[in-house]
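Chemist: So that we are looking at the same thing, I have put the structure below in structure tokens.
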Amino acid sequence: MADEELELLGEESELSLLETLDHVLNRGLVIAGEITIAVADIDLIFIGLNVLVSSVETAHEVLRERGEPVASEE
Amino acid sequence: MNLYAYCLSDDVAAGAVEDVAGVAGASPRLVERAGISAVVSECGDEKIAVTRENVMAHERVVRRVLAGTTPLPFRFGTIVTEARLASYLDSRQGTLKAQLERVRGAIEMSVKVIWKPVERGGGEDETAGEVAGGSGTKFLLKKRRELLGESARRERAEEVGGWLARAVEGFVRESRVELQPSENLILAASHLVERARLADYRAALGRAKMERPELQFLTSGAWPPYSFTSVGP
């Protein structure tokens, strides 16, 4: 397996985590006033999502140019 | 005693979650009230840190329930007393049961559409059309270019949103779409899909992607219906 593919798999794994964060932190049932989390990391997480989307996009373009299949999260 | 709340269900089997490691390693259990079971585990007074371990523990417990039925997941970090939880279930019994019915037999699928780099700039070249003038004039011209770029991006997002809605029409029970939720995204869509129609939905989405090679997609799922938990005020 080429190095680029290994890197992409790593990013996909991080992407899976960030997609999970997007769901569990942004959505879901809320009982008014009862969310109790340490919020210091949240901004970093969403900055991370933006950066990661960019890097995955770049990786996908590289694979596409090489005629290789582009992985999806499904 | 405080409880960490994972999800609600009116169809979860007793003992379905007891062998799963919950947040902070606690064992989940069911609290039944008003015909609804809350999946909870005991926790202390401290805040729950947003760590990979804790987030995955939350998701692991909710997914265990999702394997058997479709729950209403709580947002990460929901901590309540048993009395507060009982009060919540009593006061919202009707709307919660209606919402459970709304998601029954379905799962959530996520589609994010990504801007291409050339479009992300949002307008004309900053150096193009430079004219003589003071800093105030240059500032106003720059703002005008930004506004025009933003308008075009908005129109593009609306067009893509309409196209995606038509592409999956008939394959989704409900949709939630957010246009331009972040700098890099054209839109983020959540689709509530019946489990029995998941293959049809995926095929429809696959065909749609082929129609628009100029767009880039990030698709994920199946998720618990995090985006379809609204029970009103």
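In the structure tokens, each chain is lettered A, B, ... as it comes, each chain's residues begin at 1, and ligands are numbered from 1 in order of appearance.
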Could I get the residues of chain B with an atom no further than 7 Å from an atom of chain A, each paired with its nearest atom pair and that distance in Å to one decimal, using only C-alpha atoms, sorted by chain and residue number, as JSON lines?
Modeler:
```
{"residue": "B:Lys47", "atom": "CA", "partner": "A:Ile37", "partner_atom": "CA", "distance": 4.9}
{"residue": "B:Ile48", "atom": "CA", "partner": "A:Ile37", "partner_atom": "CA", "distance": 4.6}
{"residue": "B:Ala49", "atom": "CA", "partner": "A:Ala38", "partner_atom": "CA", "distance": 4.7}
{"residue": "B:Val50", "atom": "CA", "partner": "A:Ala38", "partner_atom": "CA", "distance": 6.3}
{"residue": "B:Leu72", "atom": "CA", "partner": "A:Leu29", "partner_atom": "CA", "distance": 7.0}
{"residue": "B:Pro73", "atom": "CA", "partner": "A:Gly28", "partner_atom": "CA", "distance": 5.4}
{"residue": "B:Phe74", "atom": "CA", "partner": "A:Leu29", "partner_atom": "CA", "distance": 4.2}
{"residue": "B:Arg75", "atom": "CA", "partner": "A:Gly28", "partner_atom": "CA", "distance": 4.2}
{"residue": "B:Phe76", "atom": "CA", "partner": "A:Val24", "partner_atom": "CA", "distance": 5.2}
{"residue": "B:Gly77", "atom": "CA", "partner": "A:Ile37", "partner_atom": "CA", "distance": 5.2}
{"residue": "B:Thr78", "atom": "CA", "partner": "A:Ile35", "partner_atom": "CA", "distance": 4.5}
{"residue": "B:Ile79", "atom": "CA", "partner": "A:Glu34", "partner_atom": "CA", "distance": 5.8}
{"residue": "B:Val80", "atom": "CA", "partner": "A:Glu34", "partner_atom": "CA", "distance": 6.2}
{"residue": "B:Asn184", "atom": "CA", "partner": "A:Asn50", "partner_atom": "CA", "distance": 6.2}
{"residue": "B:Leu218", "atom": "CA", "partner": "A:Ser72", "partner_atom": "CA", "distance": 6.5}
{"residue": "B:Thr219", "atom": "CA", "partner": "A:Glu73", "partner_atom": "CA", "distance": 5.5}
{"residue": "B:Ser220", "atom": "CA", "partner": "A:Glu73", "partner_atom": "CA", "distance": 4.8}
{"residue": "B:Gly221", "atom": "CA", "partner": "A:Glu74", "partner_atom": "CA", "distance": 5.8}
{"residue": "B:Tyr226", "atom": "CA", "partner": "A:Gly28", "partner_atom": "CA", "distance": 4.4}
{"residue": "B:Ser227", "atom": "CA", "partner": "A:Arg27", "partner_atom": "CA", "distance": 5.6}
{"residue": "B:Thr229", "atom": "CA", "partner": "A:Leu29", "partner_atom": "CA", "distance": 5.5}
{"residue": "B:Ser230", "atom": "CA", "partner": "A:Leu29", "partner_atom": "CA", "distance": 6.9}
```
Chemist: What does the distance from CA of Glu183 (chain B) to CA of Trp115 (chain B) come to in Å, to one decimal?
Modeler: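 Taking CA of Glu183 (chain B) and CA of Trp115 (chain B), their separation equals 8.5 Å.
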Chemist: What's around Ala222 (chain B) at 12 Å? Count only C-alpha atoms, leave out sequence neighbours fewer than 3 positions away in its own chain, and write the answer as a list of chain:residue names.
Modeler: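 That gives A:Ser16, A:Glu19, A:Thr20, A:His23, A:Glu73, A:Glu74, B:Arg63, B:Leu66, B:Ala67, B:Thr70, B:Ala106, B:Ile107, B:Glu108, B:Met109, B:Ser110, B:Val111, B:Ser190, B:His191, B:Leu192, B:Val193, B:Glu194, B:Arg195, B:Leu198, B:Ala199, B:Tyr201, B:Arg202, B:Thr219, B:Pro225, B:Tyr226.
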Chemist: Would you mind reading off the distance between CA of Leu215 (chain B) and CA of Ala196 (chain B), one decimal, in Å?
Modeler: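 Value for the CA of Leu215 (chain B)-CA of Ala196 (chain B) distance: 28.2 Å.
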Chemist: Would you work out the distance separating CA of Ser37 (chain B) from CA of Leu89 (chain B), expressed in Å to one decimal?
Modeler: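 So the answer is 9.2 Å.
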